[in-house]
$ cat protein17.cif   # mmCIF, C-alpha atoms
data_model
#
loop_
_atom_site.label_atom_id
_atom_site.label_comp_id
_atom_site.auth_asym_id
_atom_site.auth_seq_id
_atom_site.Cartn_x
_atom_site.Cartn_y
_atom_site.Cartn_z
CA MET E 1 -21.19 -26.66 184.74
CA ALA E 2 -17.70 -25.25 185.35
CA LYS E 3 -18.76 -24.20 188.85
CA THR E 4 -19.93 -27.76 189.60
CA LYS E 5 -16.58 -29.21 188.52
CA TRP E 6 -14.77 -26.66 190.71
CA ASN E 7 -16.97 -27.52 193.70
CA LEU E 8 -16.28 -31.24 193.29
CA LEU E 9 -12.52 -30.65 193.34
CA PHE E 10 -12.82 -28.41 196.38
CA ALA E 11 -14.87 -31.12 198.12
CA THR E 12 -12.02 -33.61 197.58
CA PHE E 13 -9.67 -31.11 199.25
CA ILE E 14 -11.93 -30.84 202.31
CA LEU E 15 -12.36 -34.61 202.59
CA SER E 16 -8.61 -35.16 202.24
CA CYS E 17 -7.97 -32.66 205.07
CA VAL E 18 -10.39 -34.52 207.34
CA SER E 19 -8.81 -37.85 206.41
CA LEU E 20 -5.30 -36.56 207.13
CA THR E 21 -6.44 -35.27 210.51
CA ALA E 22 -8.05 -38.62 211.37
CA LEU E 23 -4.88 -40.53 210.44
CA ILE E 24 -2.68 -38.27 212.58
CA VAL E 25 -5.10 -38.55 215.51
CA SER E 26 -5.08 -42.34 215.17
CA LEU E 27 -1.28 -42.47 215.11
CA CYS E 28 -0.80 -40.18 218.10
CA THR E 29 -3.50 -41.39 220.50
CA PRO E 30 -2.90 -44.33 222.88
CA TYR E 31 -6.16 -46.21 222.34
CA TRP E 32 -5.40 -48.88 219.78
CA VAL E 33 -6.01 -51.46 222.50
CA THR E 34 -8.00 -51.11 225.72
CA SER E 35 -8.08 -53.88 228.26
CA GLU E 36 -8.27 -55.01 231.84
CA ALA E 37 -5.97 -57.42 233.66
CA TYR E 38 -7.33 -59.82 236.28
CA GLU E 39 -5.54 -60.89 239.44
CA ALA E 40 -7.39 -62.95 242.05
CA SER E 41 -6.14 -61.07 245.12
CA ALA E 42 -6.37 -57.58 243.61
CA PHE E 43 -8.89 -55.02 244.80
CA LYS E 44 -10.22 -54.82 241.23
CA ASN E 45 -8.95 -55.35 237.69
CA SER E 46 -6.11 -53.26 236.33
CA GLU E 47 -6.96 -50.90 233.46
CA ILE E 48 -4.71 -50.66 230.42
CA ASN E 49 -4.70 -48.69 227.19
CA TYR E 50 -1.96 -48.16 224.64
CA GLY E 51 -1.28 -47.14 221.08
CA LEU E 52 1.50 -47.92 218.64
CA PHE E 53 4.22 -46.43 220.84
CA SER E 54 3.01 -45.71 224.37
CA GLY E 55 0.17 -46.10 226.82
CA SER E 56 -0.76 -46.22 230.48
CA LEU E 57 -1.54 -48.75 233.20
CA THR E 58 -3.72 -48.21 236.24
CA GLN E 59 -3.00 -50.99 238.71
CA ASN E 60 -5.76 -51.53 241.29
CA PHE E 61 -4.08 -54.15 243.44
CA LEU E 62 -4.82 -52.02 246.52
CA PRO E 63 -7.74 -49.61 247.07
CA ASN E 64 -5.37 -46.77 246.16
CA PRO E 65 -4.59 -47.06 242.41
CA ARG E 66 -1.07 -46.88 241.04
CA TYR E 67 -0.39 -45.28 237.69
CA TYR E 68 2.33 -46.36 235.28
CA ASP E 69 3.52 -45.17 231.89
CA LEU E 70 3.96 -47.84 229.22
CA THR E 71 6.43 -47.59 226.34
CA LEU E 72 6.77 -50.03 223.49
CA THR E 73 10.19 -51.66 223.48
CA CYS E 74 11.49 -54.12 220.88
CA LEU E 75 14.32 -56.62 220.88
CA TYR E 76 14.81 -56.68 217.13
CA GLN E 77 17.38 -59.46 217.26
CA GLU E 78 14.80 -61.60 219.09
CA TYR E 79 11.84 -60.45 216.93
CA VAL E 80 9.73 -59.58 219.99
CA CYS E 81 8.22 -56.37 221.38
CA ALA E 82 6.31 -55.58 224.57
CA PHE E 83 5.12 -52.60 226.57
CA SER E 84 7.53 -51.84 229.37
CA CYS E 85 6.81 -49.71 232.43
CA GLN E 86 10.43 -48.62 232.99
CA GLN E 87 11.43 -45.00 232.41
CA ASP E 88 14.72 -45.21 230.52
CA GLU E 89 15.63 -47.16 227.40
CA GLU E 90 18.28 -49.37 228.99
CA SER E 91 15.95 -50.43 231.79
CA ARG E 92 13.16 -51.16 229.30
CA THR E 93 15.46 -53.32 227.20
CA ASP E 94 16.62 -55.24 230.26
CA GLU E 95 13.03 -55.73 231.34
CA ILE E 96 11.95 -57.21 228.00
CA PHE E 97 15.01 -59.45 227.95
CA ASN E 98 14.22 -60.74 231.46
CA LEU E 99 10.60 -61.33 230.52
CA LEU E 100 11.72 -63.27 227.45
CA LYS E 101 13.89 -65.48 229.66
CA GLY E 102 11.11 -66.03 232.18
CA LEU E 103 12.81 -63.93 234.87
CA ARG E 104 10.93 -61.45 237.01
CA PRO E 105 11.98 -57.88 236.11
CA ALA E 106 12.49 -54.93 238.43
CA ASP E 107 9.39 -53.19 239.75
CA CYS E 108 8.06 -50.23 237.81
CA PRO E 109 8.41 -46.62 238.95
CA VAL E 110 5.00 -45.26 239.91
CA ARG E 111 3.59 -42.21 238.09
CA SER E 112 1.80 -40.83 241.14
CA SER E 113 2.45 -39.38 244.61
CA LYS E 114 5.58 -40.04 246.64
CA MET E 115 3.56 -41.89 249.27
CA LEU E 116 2.26 -44.39 246.73
CA ARG E 117 5.77 -44.84 245.42
CA MET E 118 7.01 -45.70 248.91
CA VAL E 119 4.20 -48.24 249.37
CA HIS E 120 5.07 -49.80 246.04
CA GLN E 121 8.74 -50.05 246.96
CA ALA E 122 7.85 -51.69 250.26
CA ASP E 123 5.94 -54.39 248.40
CA SER E 124 8.88 -55.07 246.09
CA GLN E 125 11.31 -56.54 248.62
CA THR E 126 10.61 -60.07 247.43
CA VAL E 127 11.30 -59.31 243.77
CA PHE E 128 14.81 -60.65 243.57
CA GLN E 129 14.21 -64.11 244.99
CA ASP E 130 12.82 -65.40 241.69
CA ARG E 131 15.60 -64.10 239.44
CA GLN E 132 17.85 -67.09 239.76
CA THR E 133 15.46 -69.28 237.78
CA SER E 134 15.23 -69.02 234.00
CA VAL E 135 12.62 -70.85 231.97
CA ASN E 136 11.74 -71.09 228.32
CA PHE E 137 9.01 -68.51 227.73
CA ASP E 138 6.42 -68.58 224.97
CA ARG E 139 7.35 -65.96 222.37
CA SER E 140 3.81 -65.94 221.04
CA ASN E 141 2.79 -63.90 224.11
CA PHE E 142 4.93 -61.02 222.88
CA ILE E 143 4.08 -58.54 220.13
CA ASN E 144 5.32 -59.74 216.76
CA THR E 145 7.94 -57.25 215.57
CA GLY E 146 7.13 -57.73 211.88
CA LEU E 147 3.42 -57.02 212.31
CA TRP E 148 4.08 -53.98 214.48
CA VAL E 149 6.63 -52.53 212.05
CA SER E 150 4.27 -53.19 209.13
CA THR E 151 1.46 -51.38 210.93
CA VAL E 152 3.65 -48.33 211.54
CA VAL E 153 4.95 -48.34 207.96
CA PHE E 154 1.51 -48.56 206.38
CA ILE E 155 -0.01 -45.84 208.54
CA GLY E 156 2.99 -43.69 207.65
CA ILE E 157 2.36 -44.32 203.96
CA ALA E 158 -1.34 -43.54 204.43
CA ILE E 159 -0.52 -40.22 206.13
CA SER E 160 1.98 -39.32 203.39
CA PHE E 161 -0.42 -39.98 200.52
CA ALA E 162 -3.33 -38.33 202.32
CA ALA E 163 -1.11 -35.23 202.58
CA VAL E 164 -0.19 -35.52 198.88
CA SER E 165 -3.87 -35.88 197.99
CA THR E 166 -4.68 -32.78 200.03
CA SER E 167 -1.90 -30.76 198.37
CA PHE E 168 -2.74 -31.69 194.78
CA SER E 169 -6.45 -31.25 195.36
CA ILE E 170 -5.97 -27.58 196.23
CA ILE E 171 -3.48 -27.21 193.36
CA ASN E 172 -6.12 -28.45 190.94
CA VAL E 173 -8.68 -26.12 192.50
CA LEU E 174 -6.46 -23.07 191.98
CA PHE E 175 -4.64 -24.05 188.80
CA ASN E 176 -4.92 -26.44 185.88
CA PRO E 177 -1.76 -28.60 185.82
CA ILE E 178 -0.90 -30.22 182.51
CA GLU E 179 1.23 -33.13 183.74
CA PRO E 180 -0.92 -36.23 184.44
CA VAL E 181 0.74 -36.93 187.80
CA PHE E 182 -0.21 -33.45 189.03
CA ASN E 183 -3.69 -33.10 187.57
CA VAL E 184 -6.95 -34.93 188.33
CA PHE E 185 -5.56 -38.23 187.02
CA GLY E 186 -2.95 -38.13 189.79
CA LEU E 187 -5.67 -37.62 192.40
CA PHE E 188 -7.05 -41.06 191.55
CA ILE E 189 -3.62 -42.53 192.32
CA TRP E 190 -3.02 -40.66 195.60
CA ASN E 191 -6.47 -41.46 196.97
CA GLY E 192 -6.20 -45.09 195.91
CA VAL E 193 -2.85 -45.55 197.63
CA ALA E 194 -4.17 -43.89 200.80
CA ILE E 195 -7.11 -46.31 200.85
CA GLY E 196 -4.88 -49.35 200.30
CA ALA E 197 -2.27 -48.34 202.91
CA THR E 198 -4.92 -47.62 205.56
CA ALA E 199 -6.66 -50.92 204.88
CA LEU E 200 -3.35 -52.82 205.15
CA CYS E 201 -2.58 -51.01 208.41
CA MET E 202 -5.89 -52.18 209.85
CA ILE E 203 -5.30 -55.72 208.59
CA MET E 204 -1.83 -55.92 210.16
CA TRP E 205 -2.92 -54.64 213.56
CA GLY E 206 -6.08 -56.75 213.42
CA ALA E 207 -3.96 -59.83 212.76
CA LEU E 208 -1.66 -58.93 215.65
CA PHE E 209 -4.61 -58.46 217.97
CA ALA E 210 -6.34 -61.68 216.93
CA GLY E 211 -3.12 -63.70 217.10
CA THR E 212 -1.60 -62.35 220.33
CA LEU E 213 -3.16 -59.39 222.11
CA ILE E 214 -6.60 -60.92 222.56
CA ASP E 215 -4.99 -63.54 224.83
CA ASN E 216 -2.12 -61.52 226.31
CA ILE E 217 -1.83 -57.74 225.97
CA ALA E 218 1.97 -57.99 226.29
CA ILE E 219 2.63 -55.66 229.22
CA THR E 220 4.96 -56.30 232.12
CA ASP E 221 2.27 -57.67 234.46
CA THR E 222 0.78 -60.20 232.03
CA LEU E 223 4.19 -61.33 230.75
CA THR E 224 5.71 -61.89 234.20
CA ILE E 225 5.09 -65.56 234.96
CA GLN E 226 5.64 -65.02 238.71
CA ILE E 227 2.63 -62.65 238.82
CA PRO E 228 -0.71 -64.26 237.97
CA TYR E 229 -2.20 -61.38 235.97
CA ARG E 230 -4.41 -62.46 233.06
CA SER E 231 -5.98 -60.42 230.24
CA SER E 232 -7.43 -63.21 228.10
CA GLY E 233 -10.89 -62.22 226.88
CA LEU E 234 -10.66 -58.75 228.46
CA ALA E 235 -8.95 -56.86 225.61
CA ALA E 236 -10.65 -54.96 222.81
CA LEU E 237 -9.61 -52.82 219.87
CA GLY E 238 -9.87 -49.16 220.84
CA VAL E 239 -11.17 -46.03 219.17
CA SER E 240 -7.73 -45.13 217.76
CA TYR E 241 -7.95 -48.26 215.62
CA TRP E 242 -11.57 -47.97 214.55
CA ILE E 243 -11.11 -44.35 213.48
CA LEU E 244 -9.08 -45.68 210.54
CA PHE E 245 -12.34 -46.60 208.84
CA LEU E 246 -12.97 -42.87 208.39
CA PRO E 247 -10.01 -42.22 206.02
CA ILE E 248 -10.97 -45.27 203.94
CA VAL E 249 -14.51 -43.92 203.54
CA LEU E 250 -13.36 -40.35 202.87
CA HIS E 251 -10.85 -41.30 200.19
CA GLY E 252 -13.44 -43.61 198.67
CA LEU E 253 -15.78 -40.60 198.50
CA ASN E 254 -13.00 -38.64 196.83
CA VAL E 255 -12.69 -41.28 194.13
CA GLY E 256 -16.46 -41.20 193.69
CA LEU E 257 -16.46 -37.40 193.34
CA LEU E 258 -13.67 -37.54 190.78
CA LEU E 259 -15.57 -40.15 188.77
CA TRP E 260 -18.68 -37.96 188.95
CA ARG E 261 -16.64 -35.02 187.69
CA ARG E 262 -15.36 -37.13 184.79
CA TYR E 263 -18.93 -38.17 183.98
CA ILE E 264 -20.02 -34.53 183.88
CA ILE E 265 -17.16 -33.64 181.53
CA ASN E 266 -17.91 -36.56 179.20
CA LYS E 267 -21.61 -35.65 179.17
CA GLU E 268 -20.94 -32.12 177.95
CA PRO E 269 -21.80 -31.60 174.26
CA PRO E 270 -18.77 -31.40 172.00
CA PRO E 271 -17.77 -27.91 170.78
CA THR E 272 -19.36 -26.74 167.54
CA THR E 273 -17.19 -27.26 164.48
CA ILE E 274 -17.41 -25.24 161.27
CA ASP E 275 -16.88 -27.11 158.02
CA VAL E 276 -15.24 -24.99 155.37
CA ASP E 277 -15.42 -25.88 151.72
CA ARG E 278 -11.84 -25.34 150.65
CA SER E 279 -12.79 -25.62 146.98
CA ASP E 280 -14.72 -22.35 147.31
CA LEU E 281 -12.36 -19.64 146.03
CA THR E 282 -14.23 -16.98 147.97
CA ILE E 283 -12.47 -18.01 151.18
CA ILE E 284 -9.39 -16.27 149.83
CA MET E 285 -11.14 -13.00 150.61
CA PHE E 286 -11.05 -13.85 154.31
#

$ encode --input "protein17.cif" --output "C-alpha coordinates"
Amino acid sequence: MAKTKWNLLFATFILSCVSLTALIVSLCTPYWVTSEAYEASAFKNSEINYGLFSGSLTQNFLPNPRYYDLTLTCLYQEYVCAFSCQQDEESRTDEIFNLLKGLRPADCPVRSSKMLRMVHQADSQTVFQDRQTSVNFDRSNFINTGLWVSTVVFIGIAISFAAVSTSFSIINVLFNPIEPVFNVFGLFIWNGVAIGATALCMIMWGALFAGTLIDNIAITDTLTIQIPYRSSGLAALGVSYWILFLPIVLHGLNVGLLLWRRYIINKEPPPTTIDVDRSDLTIIMF
(Lines of atoms letter the chains of each structure in order from A and count residues from 1; the text may use other names and numbers.)
(Lines give C-alpha, C1' and ligand atoms only; values in the text may rest on other atoms or scores of the structure.)
Protein backbone atom coordinates (compact mmCIF):
# COMPACT_ATOMS: atom_id res chain seq x y z
CA MET A 1 0.00 0.00 0.00
CA ALA A 2 2.83 2.40 0.86
CA LYS A 3 4.46 1.64 -2.50
CA THR A 4 1.22 2.50 -4.31
CA LYS A 5 1.00 5.87 -2.55
CA TRP A 6 4.63 6.59 -3.45
CA ASN A 7 4.00 5.67 -7.11
CA LEU A 8 1.00 8.00 -7.29
CA LEU A 9 3.05 10.93 -6.01
CA PHE A 10 5.85 10.14 -8.44
CA ALA A 11 3.30 10.03 -11.28
CA THR A 12 2.17 13.58 -10.39
CA PHE A 13 5.81 14.68 -10.65
CA ILE A 14 6.15 13.18 -14.14
CA LEU A 15 2.86 14.70 -15.34
CA SER A 16 3.82 18.11 -13.93
CA CYS A 17 7.14 17.96 -15.81
CA VAL A 18 5.34 17.22 -19.07
CA SER A 19 2.85 20.01 -18.41
CA LEU A 20 5.63 22.52 -17.68
CA THR A 21 7.38 21.55 -20.90
CA ALA A 22 4.17 21.96 -22.91
CA LEU A 23 3.54 25.42 -21.44
CA ILE A 24 7.07 26.60 -22.24
CA VAL A 25 6.83 25.21 -25.78
CA SER A 26 3.51 27.00 -26.26
CA LEU A 27 4.93 30.30 -25.01
CA CYS A 28 8.08 30.15 -27.14
CA THR A 29 6.75 28.88 -30.47
CA PRO A 30 5.30 31.26 -33.10
CA TYR A 31 2.19 29.28 -34.05
CA TRP A 32 -0.62 30.76 -32.00
CA VAL A 33 -2.15 32.00 -35.25
CA THR A 34 -1.59 30.72 -38.78
CA SER A 35 -3.12 32.47 -41.74
CA GLU A 36 -2.95 33.52 -45.35
CA ALA A 37 -3.45 36.99 -46.80
CA TYR A 38 -5.16 37.48 -50.16
CA GLU A 39 -4.28 40.11 -52.73
CA ALA A 40 -5.90 40.01 -56.17
CA SER A 41 -2.77 40.74 -58.21
CA ALA A 42 -0.41 38.57 -56.15
CA PHE A 43 1.13 35.39 -57.52
CA LYS A 44 -0.44 33.50 -54.60
CA ASN A 45 -1.55 34.18 -51.04
CA SER A 46 0.92 35.34 -48.43
CA GLU A 47 1.61 32.94 -45.56
CA ILE A 48 1.72 34.18 -41.98
CA ASN A 49 2.31 32.64 -38.58
CA TYR A 50 3.02 34.25 -35.23
CA GLY A 51 2.97 33.67 -31.51
CA LEU A 52 2.63 35.97 -28.53
CA PHE A 53 5.75 37.98 -29.38
CA SER A 54 7.06 37.25 -32.88
CA GLY A 55 6.38 35.47 -36.13
CA SER A 56 7.12 35.41 -39.84
CA LEU A 57 5.57 36.47 -43.13
CA THR A 58 6.16 34.91 -46.53
CA GLN A 59 4.92 37.34 -49.16
CA ASN A 60 4.20 35.72 -52.54
CA PHE A 61 3.39 38.83 -54.54
CA LEU A 62 5.92 37.72 -57.17
CA PRO A 63 6.95 34.16 -58.10
CA ASN A 64 10.03 34.64 -55.91
CA PRO A 65 8.84 34.75 -52.26
CA ARG A 66 9.98 37.42 -49.83
CA TYR A 67 10.49 36.60 -46.17
CA TYR A 68 9.88 39.01 -43.31
CA ASP A 69 10.24 38.82 -39.55
CA LEU A 70 7.26 40.00 -37.50
CA THR A 71 7.52 41.45 -34.00
CA LEU A 72 4.63 42.40 -31.77
CA THR A 73 4.65 46.12 -31.01
CA CYS A 74 2.22 47.94 -28.72
CA LEU A 75 1.26 51.57 -28.34
CA TYR A 76 0.15 51.32 -24.73
CA GLN A 77 -1.11 54.89 -24.61
CA GLU A 78 -3.37 54.07 -27.57
CA TYR A 79 -4.33 50.58 -26.29
CA VAL A 80 -3.42 48.92 -29.61
CA CYS A 81 -0.86 46.33 -30.70
CA ALA A 82 0.10 44.90 -34.09
CA PHE A 83 2.81 42.81 -35.69
CA SER A 84 5.38 45.02 -37.34
CA CYS A 85 7.92 43.93 -39.95
CA GLN A 86 10.51 46.60 -39.07
CA GLN A 87 13.80 45.59 -37.46
CA ASP A 88 14.33 48.16 -34.70
CA GLU A 89 12.01 49.29 -31.94
CA GLU A 90 11.76 52.93 -33.03
CA SER A 91 10.83 51.97 -36.59
CA ARG A 92 8.24 49.49 -35.33
CA THR A 93 6.65 52.11 -33.11
CA ASP A 94 6.52 54.60 -35.97
CA GLU A 95 5.00 51.97 -38.22
CA ILE A 96 2.18 51.14 -35.80
CA PHE A 97 1.51 54.84 -35.24
CA ASN A 98 1.28 55.45 -39.01
CA LEU A 99 -1.03 52.46 -39.42
CA LEU A 100 -3.25 53.79 -36.63
CA LYS A 101 -3.49 57.13 -38.45
CA GLY A 102 -4.25 55.49 -41.78
CA LEU A 103 -0.87 56.42 -43.28
CA ARG A 104 1.19 54.01 -45.34
CA PRO A 105 4.34 53.00 -43.41
CA ALA A 106 7.83 52.43 -44.78
CA ASP A 107 8.48 49.19 -46.62
CA CYS A 108 9.79 46.25 -44.62
CA PRO A 109 13.39 45.00 -44.81
CA VAL A 110 13.46 41.61 -46.51
CA ARG A 111 14.86 38.58 -44.63
CA SER A 112 16.33 36.95 -47.73
CA SER A 113 18.98 37.45 -50.42
CA LYS A 114 20.38 40.82 -51.43
CA MET A 115 18.87 40.47 -54.89
CA LEU A 116 15.36 40.11 -53.49
CA ARG A 117 15.98 43.08 -51.25
CA MET A 118 16.93 45.20 -54.26
CA VAL A 119 13.78 44.13 -56.12
CA HIS A 120 11.69 45.01 -53.10
CA GLN A 121 13.29 48.44 -52.82
CA ALA A 122 12.65 49.08 -56.50
CA ASP A 123 8.95 48.42 -55.97
CA SER A 124 8.80 50.83 -53.03
CA GLN A 125 9.40 54.09 -54.91
CA THR A 126 5.71 54.99 -54.77
CA VAL A 127 5.42 54.53 -51.01
CA PHE A 128 5.65 58.14 -49.98
CA GLN A 129 2.95 59.57 -52.22
CA ASP A 130 0.18 58.41 -49.88
CA ARG A 131 1.66 59.73 -46.65
CA GLN A 132 0.15 63.16 -46.85
CA THR A 133 -3.35 61.82 -46.25
CA SER A 134 -4.49 60.80 -42.78
CA VAL A 135 -7.79 59.08 -42.13
CA ASN A 136 -9.58 57.77 -39.08
CA PHE A 137 -8.70 54.08 -38.87
CA ASP A 138 -10.75 51.39 -37.16
CA ARG A 139 -9.02 50.43 -33.90
CA SER A 140 -10.90 47.15 -33.81
CA ASN A 141 -8.56 45.85 -36.54
CA PHE A 142 -5.65 46.06 -34.11
CA ILE A 143 -4.81 43.62 -31.33
CA ASN A 144 -6.46 44.64 -28.07
CA THR A 145 -3.67 45.44 -25.60
CA GLY A 146 -5.65 44.30 -22.55
CA LEU A 147 -6.42 40.87 -23.99
CA TRP A 148 -2.84 40.35 -25.15
CA VAL A 149 -1.39 41.38 -21.78
CA SER A 150 -3.89 39.15 -19.97
CA THR A 151 -2.90 36.20 -22.16
CA VAL A 152 0.79 36.70 -21.38
CA VAL A 153 0.11 37.16 -17.66
CA PHE A 154 -2.01 34.02 -17.34
CA ILE A 155 0.39 31.81 -19.25
CA GLY A 156 3.15 33.16 -17.02
CA ILE A 157 1.12 32.25 -13.94
CA ALA A 158 0.42 28.80 -15.39
CA ILE A 159 4.14 28.20 -16.00
CA SER A 160 5.01 29.39 -12.48
CA PHE A 161 2.50 27.13 -10.74
CA ALA A 162 3.32 24.18 -12.98
CA ALA A 163 6.94 24.62 -11.86
CA VAL A 164 5.83 24.86 -8.21
CA SER A 165 3.72 21.72 -8.63
CA THR A 166 6.70 19.90 -10.12
CA SER A 167 8.99 20.99 -7.28
CA PHE A 168 6.66 20.06 -4.43
CA SER A 169 5.71 16.78 -6.06
CA ILE A 170 9.31 15.57 -5.94
CA ILE A 171 9.69 16.98 -2.41
CA ASN A 172 6.73 14.89 -1.28
CA VAL A 173 8.19 11.85 -3.05
CA LEU A 174 11.51 12.17 -1.22
CA PHE A 175 10.36 13.61 2.10
CA ASN A 176 7.24 14.00 4.20
CA PRO A 177 6.68 17.73 4.81
CA ILE A 178 4.54 18.64 7.81
CA GLU A 179 3.36 22.11 6.73
CA PRO A 180 0.09 21.90 4.74
CA VAL A 181 1.30 24.29 2.03
CA PHE A 182 4.27 22.01 1.32
CA ASN A 183 2.66 18.60 1.63
CA VAL A 184 0.02 16.84 -0.50
CA PHE A 185 -2.65 19.39 0.46
CA GLY A 186 -0.56 22.08 -1.24
CA LEU A 187 -0.37 19.99 -4.42
CA PHE A 188 -4.14 20.33 -4.80
CA ILE A 189 -3.72 24.12 -4.72
CA TRP A 190 -0.79 24.33 -7.17
CA ASN A 191 -2.42 22.02 -9.70
CA GLY A 192 -5.75 23.82 -9.41
CA VAL A 193 -4.18 27.22 -10.01
CA ALA A 194 -2.25 25.88 -13.02
CA ILE A 195 -5.50 24.55 -14.51
CA GLY A 196 -7.35 27.83 -13.94
CA ALA A 197 -4.55 30.05 -15.30
CA THR A 198 -4.13 27.92 -18.44
CA ALA A 199 -7.87 27.92 -19.07
CA LEU A 200 -8.04 31.72 -18.66
CA CYS A 201 -5.09 32.10 -21.04
CA MET A 202 -6.96 30.10 -23.68
CA ILE A 203 -10.14 32.10 -23.07
CA MET A 204 -8.36 35.45 -23.45
CA TRP A 205 -6.59 34.52 -26.67
CA GLY A 206 -9.71 32.83 -28.00
CA ALA A 207 -11.68 36.01 -27.36
CA LEU A 208 -9.00 38.08 -29.10
CA PHE A 209 -9.03 35.75 -32.09
CA ALA A 210 -12.82 35.65 -32.36
CA GLY A 211 -13.16 39.41 -31.92
CA THR A 212 -10.30 40.65 -34.13
CA LEU A 213 -7.84 38.21 -35.65
CA ILE A 214 -10.39 36.10 -37.49
CA ASP A 215 -11.20 39.17 -39.62
CA ASN A 216 -7.81 40.91 -39.64
CA ILE A 217 -4.60 39.26 -38.44
CA ALA A 218 -3.14 42.69 -37.57
CA ILE A 219 0.08 42.66 -39.57
CA THR A 220 1.46 45.50 -41.64
CA ASP A 221 -0.02 44.30 -44.96
CA THR A 222 -3.58 43.81 -43.72
CA LEU A 223 -3.57 47.03 -41.69
CA THR A 224 -2.27 49.24 -44.51
CA ILE A 225 -5.38 50.63 -46.18
CA GLN A 226 -3.44 51.54 -49.35
CA ILE A 227 -2.63 47.83 -49.91
CA PRO A 228 -5.65 45.60 -50.54
CA TYR A 229 -4.48 42.56 -48.56
CA ARG A 230 -7.28 40.65 -46.81
CA SER A 231 -7.14 37.80 -44.28
CA SER A 232 -10.82 37.53 -43.35
CA GLY A 233 -11.80 33.86 -43.13
CA LEU A 234 -8.24 32.66 -43.78
CA ALA A 235 -6.89 32.68 -40.20
CA ALA A 236 -6.91 29.78 -37.76
CA LEU A 237 -5.66 29.09 -34.25
CA GLY A 238 -2.34 27.28 -34.46
CA VAL A 239 -0.77 24.34 -32.68
CA SER A 240 0.93 26.57 -30.09
CA TYR A 241 -2.54 27.52 -28.84
CA TRP A 242 -4.13 24.08 -28.94
CA ILE A 243 -1.23 22.52 -27.05
CA LEU A 244 -2.52 24.35 -23.96
CA PHE A 245 -5.20 21.70 -23.63
CA LEU A 246 -2.45 19.26 -22.63
CA PRO A 247 -1.48 21.04 -19.35
CA ILE A 248 -5.15 21.31 -18.39
CA VAL A 249 -5.60 17.56 -18.87
CA LEU A 250 -2.32 16.68 -17.12
CA HIS A 251 -3.00 18.80 -14.05
CA GLY A 252 -6.52 17.42 -13.96
CA LEU A 253 -4.99 13.93 -13.91
CA ASN A 254 -2.75 15.05 -11.07
CA VAL A 255 -5.76 16.09 -9.03
CA GLY A 256 -7.39 12.75 -9.81
CA LEU A 257 -4.29 10.84 -8.70
CA LEU A 258 -4.12 12.82 -5.46
CA LEU A 259 -7.79 12.09 -4.77
CA TRP A 260 -7.14 8.41 -5.46
CA ARG A 261 -4.24 8.49 -3.03
CA ARG A 262 -6.47 10.07 -0.38
CA TYR A 263 -9.09 7.38 -1.00
CA ILE A 264 -6.48 4.66 -0.49
CA ILE A 265 -5.34 6.23 2.79
CA ASN A 266 -8.91 6.58 4.08
CA LYS A 267 -9.67 2.97 3.12
CA GLU A 268 -6.81 1.60 5.20
CA PRO A 269 -7.96 -0.07 8.45
CA PRO A 270 -7.30 2.00 11.54
CA PRO A 271 -4.34 0.94 13.73
CA THR A 272 -5.08 -1.59 16.46
CA THR A 273 -5.67 -0.04 19.87
CA ILE A 274 -5.12 -1.81 23.19
CA ASP A 275 -7.58 -1.05 25.97
CA VAL A 276 -6.00 -1.17 29.38
CA ASP A 277 -8.05 -1.57 32.51
CA ARG A 278 -6.49 1.03 34.76
CA SER A 279 -8.34 -0.32 37.79
CA ASP A 280 -6.25 -3.49 37.56
CA LEU A 281 -3.42 -3.04 40.07
CA THR A 282 -1.27 -5.57 38.24
CA ILE A 283 -0.35 -2.96 35.62
CA ILE A 284 1.94 -1.43 38.22
CA MET A 285 4.26 -4.37 37.63
CA PHE A 286 4.82 -3.19 34.06

$ atom_distance --input "protein17.cif" --atom1 "CA of Leu223 (chain E)" --atom2 "CA of Trp205 (chain E)"
19.8 Å

$ closest_atom_pairs --input "protein17.cif" --of "region 128-228 of chain E" --to "region 19-27 of chain E" --cutoff "7 Å" --atoms "all atoms listed in the file" --output "JSON lines"
{"residue": "E:Ile159", "atom": "CA", "partner": "E:Leu20", "partner_atom": "CA", "distance": 6.1}
{"residue": "E:Ala162", "atom": "CA", "partner": "E:Leu20", "partner_atom": "CA", "distance": 5.5}
{"residue": "E:Ala163", "atom": "CA", "partner": "E:Leu20", "partner_atom": "CA", "distance": 6.3}

$ residues_around --input "protein17.cif" --residues "region 43-50 of chain E" --least-positions-apart "3" --cutoff "8 Å" --atoms "all atoms listed in the file" --output "list in words"
Pro30, Tyr31, Trp32, Val33, Thr34, Ser35, Glu36, Ala37, Tyr38, Glu39, Phe53, Ser54, Gly55, Ser56, Leu57, Thr58, Gln59, Asn60, Phe61, Leu62, Pro63 and Leu70 of chain E

$ closest_residue --input "protein17.cif" --among "E:Ile217, E:Val18, E:Gly233, E:Ala210" --to "Leu246 (chain E)" --atoms "all atoms listed in the file"
E:Val18

$ atom_distance --input "protein17.cif" --atom1 "CA of Leu259 (chain E)" --atom2 "CA of Leu174 (chain E)"
19.6 Å

$ resolve_selection --input "protein17.cif" --expression "the PyMOL selection byres ((chain E and resi 6) around 12)" --output "list in words"
Met1, Ala2, Lys3, Thr4, Lys5, Asn7, Leu8, Leu9, Phe10, Ala11, Thr12, Phe13, Ser169, Ile170, Ile171, Asn172, Val173, Leu174, Phe175, Asn176, Val184, Leu257, Leu258, Arg261, Ile264 and Ile265 of chain E

$ residues_around --input "protein17.cif" --residues "Ile155 (chain E)" --least-positions-apart "2" --cutoff "7 Å" --atoms "only C-alpha atoms" --output "mmCIF file with C-alpha atoms, keeping the file's coordinate frame"
data_model
loop_
_atom_site.group_PDB
_atom_site.id
_atom_site.type_symbol
_atom_site.label_atom_id
_atom_site.label_comp_id
_atom_site.auth_asym_id
_atom_site.auth_seq_id
_atom_site.Cartn_x
_atom_site.Cartn_y
_atom_site.Cartn_z
ATOM 1 C CA THR E 151 1.460 -51.380 210.930
ATOM 2 C CA VAL E 152 3.650 -48.330 211.540
ATOM 3 C CA VAL E 153 4.950 -48.340 207.960
ATOM 4 C CA ILE E 157 2.360 -44.320 203.960
ATOM 5 C CA ALA E 158 -1.340 -43.540 204.430
ATOM 6 C CA ILE E 159 -0.520 -40.220 206.130
ATOM 7 C CA ALA E 197 -2.270 -48.340 202.910
ATOM 8 C CA THR E 198 -4.920 -47.620 205.560
ATOM 9 C CA CYS E 201 -2.580 -51.010 208.410
#

$ atom_distance --input "protein17.cif" --atom1 "CA of Leu103 (chain E)" --atom2 "CA of Glu90 (chain E)"
16.6 Å

$ resolve_selection --input "protein17.cif" --expression "the PyMOL selection byres ((chain E and resi 207) around 12)" --output "ChimeraX atom specification"
/E:143-144,146-148,150-151,200-206,208-214,237
